[in-house]
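Okay, input-v5.cif now, which holds mmCIF, C-alpha atoms:
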```cif
data_my_file
loop_
_atom_site.group_PDB
_atom_site.id
_atom_site.type_symbol
_atom_site.label_atom_id
_atom_site.label_comp_id
_atom_site.auth_asym_id
_atom_site.auth_seq_id
_atom_site.Cartn_x
_atom_site.Cartn_y
_atom_site.Cartn_z
ATOM 1 C CA MET C 29 -38.189 -5.699 -10.019
ATOM 2 C CA ALA C 30 -38.428 -3.115 -7.236
ATOM 3 C CA ALA C 31 -37.673 -5.807 -4.623
ATOM 4 C CA VAL C 32 -34.454 -6.747 -6.420
ATOM 5 C CA SER C 33 -33.473 -3.072 -6.620
ATOM 6 C CA GLU C 34 -34.042 -2.650 -2.872
ATOM 7 C CA LYS C 35 -31.928 -5.714 -2.064
ATOM 8 C CA ILE C 36 -29.069 -4.391 -4.206
ATOM 9 C CA LYS C 37 -29.203 -1.040 -2.401
ATOM 10 C CA LYS C 38 -28.793 -2.892 0.909
ATOM 11 C CA LEU C 39 -25.621 -4.622 -0.368
ATOM 12 C CA LYS C 40 -23.572 -1.450 -0.642
ATOM 13 C CA PHE C 41 -22.167 1.189 1.665
ATOM 14 C CA GLU C 42 -21.378 4.787 0.783
ATOM 15 C CA TYR C 43 -19.841 7.589 2.829
ATOM 16 C CA THR C 44 -18.595 11.000 1.748
ATOM 17 C CA SER C 45 -17.051 13.324 4.320
ATOM 18 C CA LYS C 46 -18.269 16.878 4.583
ATOM 19 C CA ALA C 47 -14.676 18.133 4.676
ATOM 20 C CA HIS C 48 -13.228 18.870 1.259
ATOM 21 C CA ILE C 49 -9.855 19.751 -0.207
ATOM 22 C CA GLY C 50 -10.831 21.935 -3.139
ATOM 23 C CA LYS C 51 -13.697 20.061 -4.816
ATOM 24 C CA LEU C 52 -12.379 16.689 -3.639
ATOM 25 C CA PRO C 53 -13.914 15.143 -0.489
ATOM 26 C CA LEU C 54 -11.401 14.321 2.221
ATOM 27 C CA VAL C 55 -12.785 10.761 2.543
ATOM 28 C CA ASN C 56 -14.978 8.856 0.124
ATOM 29 C CA VAL C 57 -15.989 5.240 0.740
ATOM 30 C CA ARG C 58 -18.064 3.255 -1.774
ATOM 31 C CA VAL C 59 -18.123 -0.522 -1.390
ATOM 32 C CA GLY C 60 -20.554 -3.276 -2.279
ATOM 33 C CA LEU C 61 -22.650 -4.329 -5.240
ATOM 34 C CA CYS C 62 -23.217 -1.683 -7.907
ATOM 35 C CA ALA C 63 -21.195 0.878 -5.970
ATOM 36 C CA GLY C 64 -19.570 3.395 -8.296
ATOM 37 C CA PRO C 65 -15.980 4.527 -8.008
ATOM 38 C CA ALA C 66 -14.794 6.172 -4.801
ATOM 39 C CA LYS C 67 -13.113 9.516 -5.487
ATOM 40 C CA GLY C 68 -11.498 11.518 -2.714
ATOM 41 C CA PHE C 69 -8.269 12.539 -1.042
ATOM 42 C CA ILE C 70 -8.642 9.203 0.771
ATOM 43 C CA ALA C 71 -10.660 6.849 -1.439
ATOM 44 C CA ILE C 72 -11.812 3.395 -0.359
ATOM 45 C CA GLY C 73 -13.936 1.267 -2.627
ATOM 46 C CA ASN C 74 -14.320 -1.447 -5.198
ATOM 47 C CA ILE C 75 -12.786 1.060 -7.611
ATOM 48 C CA SER C 76 -10.941 3.926 -5.949
ATOM 49 C CA VAL C 77 -9.206 7.051 -7.200
ATOM 50 C CA GLY C 78 -7.451 9.429 -4.840
ATOM 51 C CA VAL C 79 -4.208 10.544 -3.285
ATOM 52 C CA PHE C 80 -4.502 7.559 -0.926
ATOM 53 C CA ALA C 81 -6.477 4.883 -2.791
ATOM 54 C CA ILE C 82 -7.527 1.532 -1.329
ATOM 55 C CA GLY C 83 -9.678 -0.897 -3.271
ATOM 56 C CA LEU C 84 -9.969 -3.880 -5.545
ATOM 57 C CA VAL C 85 -8.844 -1.600 -8.369
ATOM 58 C CA SER C 86 -7.081 1.517 -7.142
ATOM 59 C CA MET C 87 -5.274 4.471 -8.639
ATOM 60 C CA GLY C 88 -3.530 7.177 -6.663
ATOM 61 C CA ILE C 89 -0.233 8.501 -5.411
ATOM 62 C CA PHE C 90 -0.265 5.817 -2.699
ATOM 63 C CA SER C 91 -2.280 2.918 -4.037
ATOM 64 C CA VAL C 92 -3.223 -0.365 -2.347
ATOM 65 C CA GLY C 93 -5.403 -3.020 -3.946
ATOM 66 C CA ALA C 94 -5.742 -6.202 -5.910
ATOM 67 C CA VAL C 95 -4.785 -4.168 -8.976
ATOM 68 C CA ALA C 96 -3.036 -0.883 -8.207
ATOM 69 C CA LEU C 97 -1.532 1.962 -10.197
ATOM 70 C CA GLY C 98 0.267 4.853 -8.570
ATOM 71 C CA LEU C 99 3.497 6.506 -7.592
ATOM 72 C CA ILE C 100 3.795 3.847 -4.881
ATOM 73 C CA ALA C 101 1.741 0.685 -5.401
ATOM 74 C CA LEU C 102 1.151 -2.280 -3.086
ATOM 75 C CA ALA C 103 -0.953 -4.950 -4.774
ATOM 76 C CA CYS C 104 -1.437 -8.419 -6.191
ATOM 77 C CA ALA C 105 -0.671 -6.846 -9.578
ATOM 78 C CA GLY C 106 0.751 -3.361 -9.418
ATOM 79 C CA ALA C 107 2.460 -0.669 -11.416
ATOM 80 C CA GLY C 108 4.254 2.038 -9.500
ATOM 81 C CA LEU C 109 6.054 4.900 -11.151
ATOM 82 C CA LEU C 110 8.508 4.864 -8.258
ATOM 83 C CA ILE C 111 7.959 1.719 -6.167
ATOM 84 C CA SER C 112 5.824 -1.334 -6.767
ATOM 85 C CA VAL C 113 5.540 -4.191 -4.295
ATOM 86 C CA ALA C 114 3.246 -6.822 -5.743
ATOM 87 C CA GLY C 115 2.852 -10.393 -6.853
ATOM 88 C CA ILE C 116 3.391 -9.023 -10.351
ATOM 89 C CA ALA C 117 5.257 -5.734 -9.984
ATOM 90 C CA LEU C 118 6.132 -3.120 -12.572
ATOM 91 C CA GLY C 119 7.993 0.020 -11.572
ATOM 92 C CA PHE C 120 11.262 1.883 -11.223
ATOM 93 C CA ILE C 121 11.870 -0.188 -8.093
ATOM 94 C CA ALA C 122 9.893 -3.419 -8.459
ATOM 95 C CA ILE C 123 9.686 -6.098 -5.772
ATOM 96 C CA GLY C 124 7.546 -9.168 -6.318
ATOM 97 C CA GLY C 125 7.115 -12.715 -7.499
ATOM 98 C CA ILE C 126 7.510 -11.348 -11.014
ATOM 99 C CA ALA C 127 9.327 -8.005 -10.997
ATOM 100 C CA VAL C 128 9.993 -5.799 -14.021
ATOM 101 C CA GLY C 129 11.659 -2.391 -13.796
ATOM 102 C CA ILE C 130 14.990 -0.666 -13.348
ATOM 103 C CA LEU C 131 15.936 -1.982 -9.885
ATOM 104 C CA THR C 132 14.202 -5.329 -9.434
ATOM 105 C CA LEU C 133 13.959 -8.021 -6.783
ATOM 106 C CA GLY C 134 11.842 -11.119 -7.247
ATOM 107 C CA GLY C 135 11.436 -14.772 -8.010
ATOM 108 C CA PHE C 136 11.570 -13.832 -11.697
ATOM 109 C CA SER C 137 13.302 -10.483 -11.967
ATOM 110 C CA VAL C 138 13.920 -8.420 -15.109
ATOM 111 C CA GLY C 139 15.612 -5.030 -14.867
ATOM 112 C CA ILE C 140 18.729 -3.002 -15.446
ATOM 113 C CA ALA C 141 19.968 -4.297 -12.073
ATOM 114 C CA ALA C 142 18.148 -7.532 -11.186
ATOM 115 C CA VAL C 143 18.240 -9.729 -8.094
ATOM 116 C CA GLY C 144 16.211 -12.927 -7.833
ATOM 117 C CA GLY C 145 15.796 -16.629 -8.360
ATOM 118 C CA VAL C 146 15.882 -15.989 -12.097
ATOM 119 C CA ALA C 147 17.512 -12.595 -12.618
ATOM 120 C CA ILE C 148 17.824 -11.044 -16.051
ATOM 121 C CA GLY C 149 19.687 -7.752 -15.962
ATOM 122 C CA GLY C 150 20.561 -5.170 -18.563
ATOM 123 C CA LYS C 151 23.784 -4.356 -16.708
ATOM 124 C CA ALA C 152 24.076 -6.700 -13.703
ATOM 125 C CA ALA C 153 22.233 -9.629 -12.146
ATOM 126 C CA VAL C 154 22.506 -11.750 -9.014
ATOM 127 C CA GLY C 155 20.488 -14.927 -8.576
ATOM 128 C CA GLY C 156 20.137 -18.675 -8.829
ATOM 129 C CA PHE C 157 20.123 -18.193 -12.600
ATOM 130 C CA ALA C 158 21.688 -14.847 -13.488
ATOM 131 C CA PHE C 159 21.736 -13.522 -17.042
ATOM 132 C CA ALA C 160 23.426 -10.143 -17.662
ATOM 133 C CA PRO C 161 26.669 -8.673 -18.984
ATOM 134 C CA VAL C 162 27.964 -8.969 -15.397
ATOM 135 C CA ALA C 163 26.342 -11.742 -13.358
ATOM 136 C CA MET C 164 26.732 -13.618 -10.082
ATOM 137 C CA GLY C 165 24.895 -16.841 -9.341
ATOM 138 C CA ILE C 166 24.746 -20.609 -9.332
ATOM 139 C CA ILE C 167 24.112 -20.678 -13.083
ATOM 140 C CA THR C 168 25.312 -17.635 -14.991
ATOM 141 C CA LYS C 169 25.156 -16.486 -18.584
ATOM 142 C CA ALA C 170 27.356 -13.415 -18.794
ATOM 143 C CA ASP C 171 30.364 -11.762 -20.352
ATOM 144 C CA VAL C 172 31.927 -11.584 -16.871
ATOM 145 C CA SER C 173 30.580 -13.721 -14.046
ATOM 146 C CA VAL C 174 31.136 -14.930 -10.524
ATOM 147 C CA SER C 175 29.744 -18.447 -10.262
ATOM 148 C CA LEU C 176 28.653 -19.899 -6.951
ATOM 149 C CA ILE C 177 28.486 -23.640 -6.548
ATOM 150 C CA ASP C 178 26.536 -23.343 -3.303
ATOM 151 C CA LEU C 179 24.749 -20.271 -1.977
ATOM 152 C CA GLY C 180 25.812 -21.371 1.508
ATOM 153 C CA GLN C 181 29.411 -20.454 0.767
ATOM 154 C CA ALA C 182 30.757 -17.079 1.787
ATOM 155 C CA VAL C 183 29.037 -15.021 -0.877
ATOM 156 C CA SER C 184 30.029 -11.737 0.754
ATOM 157 C CA ALA C 185 33.669 -12.547 -0.018
ATOM 158 C CA HIS C 186 32.806 -12.159 -3.697
ATOM 159 C CA ARG C 187 31.083 -8.783 -3.304
ATOM 160 C CA GLU C 188 34.132 -6.635 -4.052
ATOM 161 C CA GLN C 189 35.133 -8.834 -6.989
ATOM 162 C CA PHE C 190 31.615 -8.543 -8.400
ATOM 163 C CA LYS C 191 31.608 -4.748 -7.941
ATOM 164 C CA SER C 192 34.962 -4.442 -9.710
ATOM 165 C CA PHE C 193 33.644 -6.510 -12.649
ATOM 166 C CA ILE C 194 30.650 -4.204 -12.956
ATOM 167 C CA TYR C 195 32.814 -1.057 -12.889
ATOM 168 C CA GLU C 196 35.256 -2.552 -15.426
ATOM 169 C CA ARG C 197 32.437 -3.357 -17.842
ATOM 170 C CA PHE C 198 30.372 -0.188 -17.173
ATOM 171 C CA PRO C 199 32.693 2.572 -15.881
ATOM 172 C CA ASP C 200 29.956 5.249 -15.989
ATOM 173 C CA ILE C 201 27.267 3.135 -14.269
ATOM 174 C CA TRP C 202 24.936 4.845 -11.830
ATOM 175 C CA GLN C 203 26.043 4.011 -8.264
ATOM 176 C CA PRO C 204 22.544 3.010 -6.970
ATOM 177 C CA LEU C 205 22.399 0.260 -9.627
ATOM 178 C CA VAL C 206 25.587 -1.266 -8.241
ATOM 179 C CA ASP C 207 24.392 -0.834 -4.665
ATOM 180 C CA TRP C 208 21.078 -2.555 -5.539
ATOM 181 C CA VAL C 209 22.639 -5.733 -6.933
ATOM 182 C CA THR C 210 25.283 -5.947 -4.229
ATOM 183 C CA MET C 211 23.190 -5.041 -1.145
ATOM 184 C CA LEU C 212 21.900 -8.580 -0.692
ATOM 185 C CA ILE C 213 25.225 -10.308 -1.206
#
```

Write the structure described by the file as structure tokens, please.
Amino acid sequence: MAAVSEKIKKLKFEYTSKAHIGKLPLVNVRVGLCAGPAKGFIAIGNISVGVFAIGLVSMGIFSVGAVALGLIALACAGAGLLISVAGIALGFIAIGGIAVGILTLGGFSVGIAAVGGVAIGGKAAVGGFAFAPVAMGIITKADVSVSLIDLGQAVSAHREQFKSFIYERFPDIWQPLVDWVTMLI
């Protein structure tokens, strides 16, 4: 039993800096088998919690990992209160294969203003299949829409028409929502 315990100890690495910010170490690294969570201003580990967190599972203001939660998250699956860039992204601004949020961009995009292959928007959507009150795409389901037969056509020529449709339908819409759905056109 002691031999197994010794082998497990050899399969992990731990480092804690002597410098601290308050009670929090500046850098904490804990990786490997049976390594506990890394907690520090900069945390790196299997599980990491810190201002800057990097790990398989990470949580912090700036968070990077397979699964990440933070103000800004970069991950395979991530939730960012402000920005999330991930395979599966959830956040105010969400960019990913599957994106859910307010301003979204992705293969499958759901948001107030959505852009993507399949875009479902609460106010506006642009995509191959666009579903929203105001939509632009090859296939649209909308109250007001701009349909495109071929994305190779001059899409930018329709930008102003699309903007005017949005403002007609939602006169008090927040300007960044309109900018989001029209920036890629």

Neighbour list for stretch 98-105 of chain C as a PyMOL selection string, cut-off 7 Å, all atoms listed in the file, skip fewer than 3 positions in-chain: chain C and resi 87-95+108-117

- request: Pick out the residues sitting within 7 Å of C:Phe159, and hand them over as a list in words; count only C-alpha atoms, and ignore anything fewer than 3 positions along from it in its own chain.
  value: Ala147, Ile148, Gly149, Ala153, Ala163, Thr168, Lys169 and Ala170 of chain C

- prompt: What do you get, as an MDAnalysis selection string, if you spell out every residue that the PyMOL selection byres ((chain C and resi 154) around 7) selects here?
  reply: chainID C and resid 142:144 147 153 155 158 163:165 209

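For the set C:Leu133, C:Phe69, C:Lys151, C:Gly106, the residue with the smallest atom-to-atom gap to C:Asp200 is C:Lys151, counting only C-alpha atoms.
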
- request: Check what the PyMOL selection byres ((chain C and resi 183-198) around 12) selects in the file above and give those residues as a PyMOL selection string.
  value: chain C and resi 141+149-155+160-166+170-182+199-213

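Of the residues under consideration (C:Pro53, C:Gly124, C:Gly60, C:Gly145), C:Gly60 shows the shortest atom-to-atom contact distance to C:Leu84 when counting only C-alpha atoms.
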
Using only the atoms of stretch 146-162 of chain C listed in the file, plus 6 Å on each side, state the axis-aligned box centre and edge lengths in Å rounded to one decimal, as JSON.
```
{"center_x": 21.9, "center_y": -11.5, "center_z": -13.8, "size_x": 24.1, "size_y": 26.3, "size_z": 22.4}
```

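When all atoms listed in the file are used to compute distances to C:Val77, the closest of the residues C:Gly50, C:Gly119, C:Gly64, C:Gly135 turns out to be C:Gly64.
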
message: Could you check the closest approach to C:Gly134 for each of C:Ile75, C:Ala47, C:Ile82, C:Leu118 and tell me which residue wins, using only C-alpha atoms?
response: C:Leu118

- request: Using all atoms listed in the file, determine which residues lie at most 7 Å from C:Thr44, disregarding the query and same-chain residues fewer than 4 positions distant; provide the list as a PyMOL selection string.
  value: chain C and resi 53+55-57

statement: Expressed in Å, the length from atom CA of C:Leu54 to atom CA of C:Ala81 is 11.8 Å

query: Hey, what comes out of the PyMOL selection byres ((chain C and resi 67) around 7) on this file? Could you write it as JSON, numbers by chain?
result: {"C": [56, 65, 66, 68, 71, 76, 77, 78]}

Serialized selection, C-alpha atoms, as a PDB file, in the coordinates of the input:
```
ATOM      1  CA  ASN C  56     -14.978   8.856   0.124  1.00  0.00           C
ATOM      2  CA  PRO C  65     -15.980   4.527  -8.008  1.00  0.00           C
ATOM      3  CA  ALA C  66     -14.794   6.172  -4.801  1.00  0.00           C
ATOM      4  CA  GLY C  68     -11.498  11.518  -2.714  1.00  0.00           C
ATOM      5  CA  ALA C  71     -10.660   6.849  -1.439  1.00  0.00           C
ATOM      6  CA  SER C  76     -10.941   3.926  -5.949  1.00  0.00           C
ATOM      7  CA  VAL C  77      -9.206   7.051  -7.200  1.00  0.00           C
ATOM      8  CA  GLY C  78      -7.451   9.429  -4.840  1.00  0.00           C
TER       9      GLY C  78
END
```

- request: Show which residues sit within 8 Å of C:Gly129, as an MDAnalysis selection string. Count all atoms listed in the file, and ignore same-chain residues fewer than 6 positions away.
  value: chainID C and resid 118:122 138:140

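Interatomic distance, atom CA of C:Leu61 to atom CA of C:Leu39: 5.7 Å.
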
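Here atom CA of C:Lys51 is placed at a distance of 23.7 Å from atom CA of C:Ala96.
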
Please produce stretch 91-102 of chain C, completed to all heavy atoms, as a PDB file, in the frame of the given file.
```pdb
ATOM      1  N   SER C  91      -1.188   3.770  -3.577  1.00  0.00           N
ATOM      2  CA  SER C  91      -2.280   2.918  -4.037  1.00  0.00           C
ATOM      3  C   SER C  91      -2.128   1.504  -3.494  1.00  0.00           C
ATOM      4  O   SER C  91      -1.059   0.901  -3.622  1.00  0.00           O
ATOM      5  CB  SER C  91      -2.260   2.918  -5.561  1.00  0.00           C
ATOM      6  OG  SER C  91      -3.342   2.239  -6.077  1.00  0.00           O
ATOM      7  N   VAL C  92      -3.207   0.984  -2.896  1.00  0.00           N
ATOM      8  CA  VAL C  92      -3.223  -0.365  -2.347  1.00  0.00           C
ATOM      9  C   VAL C  92      -4.450  -1.079  -2.896  1.00  0.00           C
ATOM     10  O   VAL C  92      -5.551  -0.538  -2.845  1.00  0.00           O
ATOM     11  CB  VAL C  92      -3.288  -0.349  -0.792  1.00  0.00           C
ATOM     12  CG1 VAL C  92      -3.358  -1.758  -0.245  1.00  0.00           C
ATOM     13  CG2 VAL C  92      -2.113   0.405  -0.202  1.00  0.00           C
ATOM     14  N   GLY C  93      -4.254  -2.290  -3.436  1.00  0.00           N
ATOM     15  CA  GLY C  93      -5.403  -3.020  -3.946  1.00  0.00           C
ATOM     16  C   GLY C  93      -5.025  -4.305  -4.640  1.00  0.00           C
ATOM     17  O   GLY C  93      -3.852  -4.662  -4.709  1.00  0.00           O
ATOM     18  N   ALA C  94      -6.021  -4.998  -5.131  1.00  0.00           N
ATOM     19  CA  ALA C  94      -5.742  -6.202  -5.910  1.00  0.00           C
ATOM     20  C   ALA C  94      -4.997  -5.812  -7.180  1.00  0.00           C
ATOM     21  O   ALA C  94      -4.011  -6.437  -7.570  1.00  0.00           O
ATOM     22  CB  ALA C  94      -7.044  -6.925  -6.245  1.00  0.00           C
ATOM     23  N   VAL C  95      -5.468  -4.755  -7.825  1.00  0.00           N
ATOM     24  CA  VAL C  95      -4.785  -4.168  -8.976  1.00  0.00           C
ATOM     25  C   VAL C  95      -4.581  -2.701  -8.632  1.00  0.00           C
ATOM     26  O   VAL C  95      -5.543  -1.992  -8.332  1.00  0.00           O
ATOM     27  CB  VAL C  95      -5.620  -4.302 -10.271  1.00  0.00           C
ATOM     28  CG1 VAL C  95      -4.923  -3.619 -11.433  1.00  0.00           C
ATOM     29  CG2 VAL C  95      -5.879  -5.765 -10.590  1.00  0.00           C
ATOM     30  N   ALA C  96      -3.319  -2.249  -8.636  1.00  0.00           N
ATOM     31  CA  ALA C  96      -3.036  -0.883  -8.207  1.00  0.00           C
ATOM     32  C   ALA C  96      -2.102  -0.181  -9.177  1.00  0.00           C
ATOM     33  O   ALA C  96      -1.172  -0.780  -9.705  1.00  0.00           O
ATOM     34  CB  ALA C  96      -2.413  -0.904  -6.810  1.00  0.00           C
ATOM     35  N   LEU C  97      -2.363   1.107  -9.365  1.00  0.00           N
ATOM     36  CA  LEU C  97      -1.532   1.962 -10.197  1.00  0.00           C
ATOM     37  C   LEU C  97      -1.287   3.235  -9.418  1.00  0.00           C
ATOM     38  O   LEU C  97      -2.236   3.843  -8.909  1.00  0.00           O
ATOM     39  CB  LEU C  97      -2.248   2.278 -11.519  1.00  0.00           C
ATOM     40  CG  LEU C  97      -1.587   3.288 -12.453  1.00  0.00           C
ATOM     41  CD1 LEU C  97      -0.256   2.733 -12.964  1.00  0.00           C
ATOM     42  CD2 LEU C  97      -2.497   3.605 -13.617  1.00  0.00           C
ATOM     43  N   GLY C  98      -0.023   3.626  -9.302  1.00  0.00           N
ATOM     44  CA  GLY C  98       0.267   4.853  -8.570  1.00  0.00           C
ATOM     45  C   GLY C  98       1.742   5.146  -8.528  1.00  0.00           C
ATOM     46  O   GLY C  98       2.566   4.455  -9.132  1.00  0.00           O
ATOM     47  N   LEU C  99       2.098   6.191  -7.809  1.00  0.00           N
ATOM     48  CA  LEU C  99       3.497   6.506  -7.592  1.00  0.00           C
ATOM     49  C   LEU C  99       4.120   5.386  -6.762  1.00  0.00           C
ATOM     50  O   LEU C  99       5.186   4.879  -7.074  1.00  0.00           O
ATOM     51  CB  LEU C  99       3.637   7.856  -6.883  1.00  0.00           C
ATOM     52  CG  LEU C  99       5.053   8.370  -6.693  1.00  0.00           C
ATOM     53  CD1 LEU C  99       5.694   8.668  -8.033  1.00  0.00           C
ATOM     54  CD2 LEU C  99       5.056   9.603  -5.816  1.00  0.00           C
ATOM     55  N   ILE C 100       3.403   4.987  -5.722  1.00  0.00           N
ATOM     56  CA  ILE C 100       3.795   3.847  -4.881  1.00  0.00           C
ATOM     57  C   ILE C 100       2.607   2.896  -4.857  1.00  0.00           C
ATOM     58  O   ILE C 100       1.505   3.285  -4.473  1.00  0.00           O
ATOM     59  CB  ILE C 100       4.180   4.291  -3.463  1.00  0.00           C
ATOM     60  CG1 ILE C 100       5.394   5.224  -3.528  1.00  0.00           C
ATOM     61  CG2 ILE C 100       4.453   3.086  -2.572  1.00  0.00           C
ATOM     62  CD1 ILE C 100       5.757   5.883  -2.225  1.00  0.00           C
ATOM     63  N   ALA C 101       2.835   1.656  -5.300  1.00  0.00           N
ATOM     64  CA  ALA C 101       1.741   0.685  -5.401  1.00  0.00           C
ATOM     65  C   ALA C 101       2.055  -0.571  -4.594  1.00  0.00           C
ATOM     66  O   ALA C 101       3.156  -1.106  -4.670  1.00  0.00           O
ATOM     67  CB  ALA C 101       1.505   0.316  -6.862  1.00  0.00           C
ATOM     68  N   LEU C 102       1.074  -1.031  -3.843  1.00  0.00           N
ATOM     69  CA  LEU C 102       1.151  -2.280  -3.086  1.00  0.00           C
ATOM     70  C   LEU C 102      -0.060  -3.093  -3.514  1.00  0.00           C
ATOM     71  O   LEU C 102      -1.198  -2.674  -3.304  1.00  0.00           O
ATOM     72  CB  LEU C 102       1.104  -1.999  -1.578  1.00  0.00           C
ATOM     73  CG  LEU C 102       1.086  -3.187  -0.642  1.00  0.00           C
ATOM     74  CD1 LEU C 102       2.343  -4.017  -0.796  1.00  0.00           C
ATOM     75  CD2 LEU C 102       0.939  -2.715   0.789  1.00  0.00           C
TER      76      LEU C 102
END
```
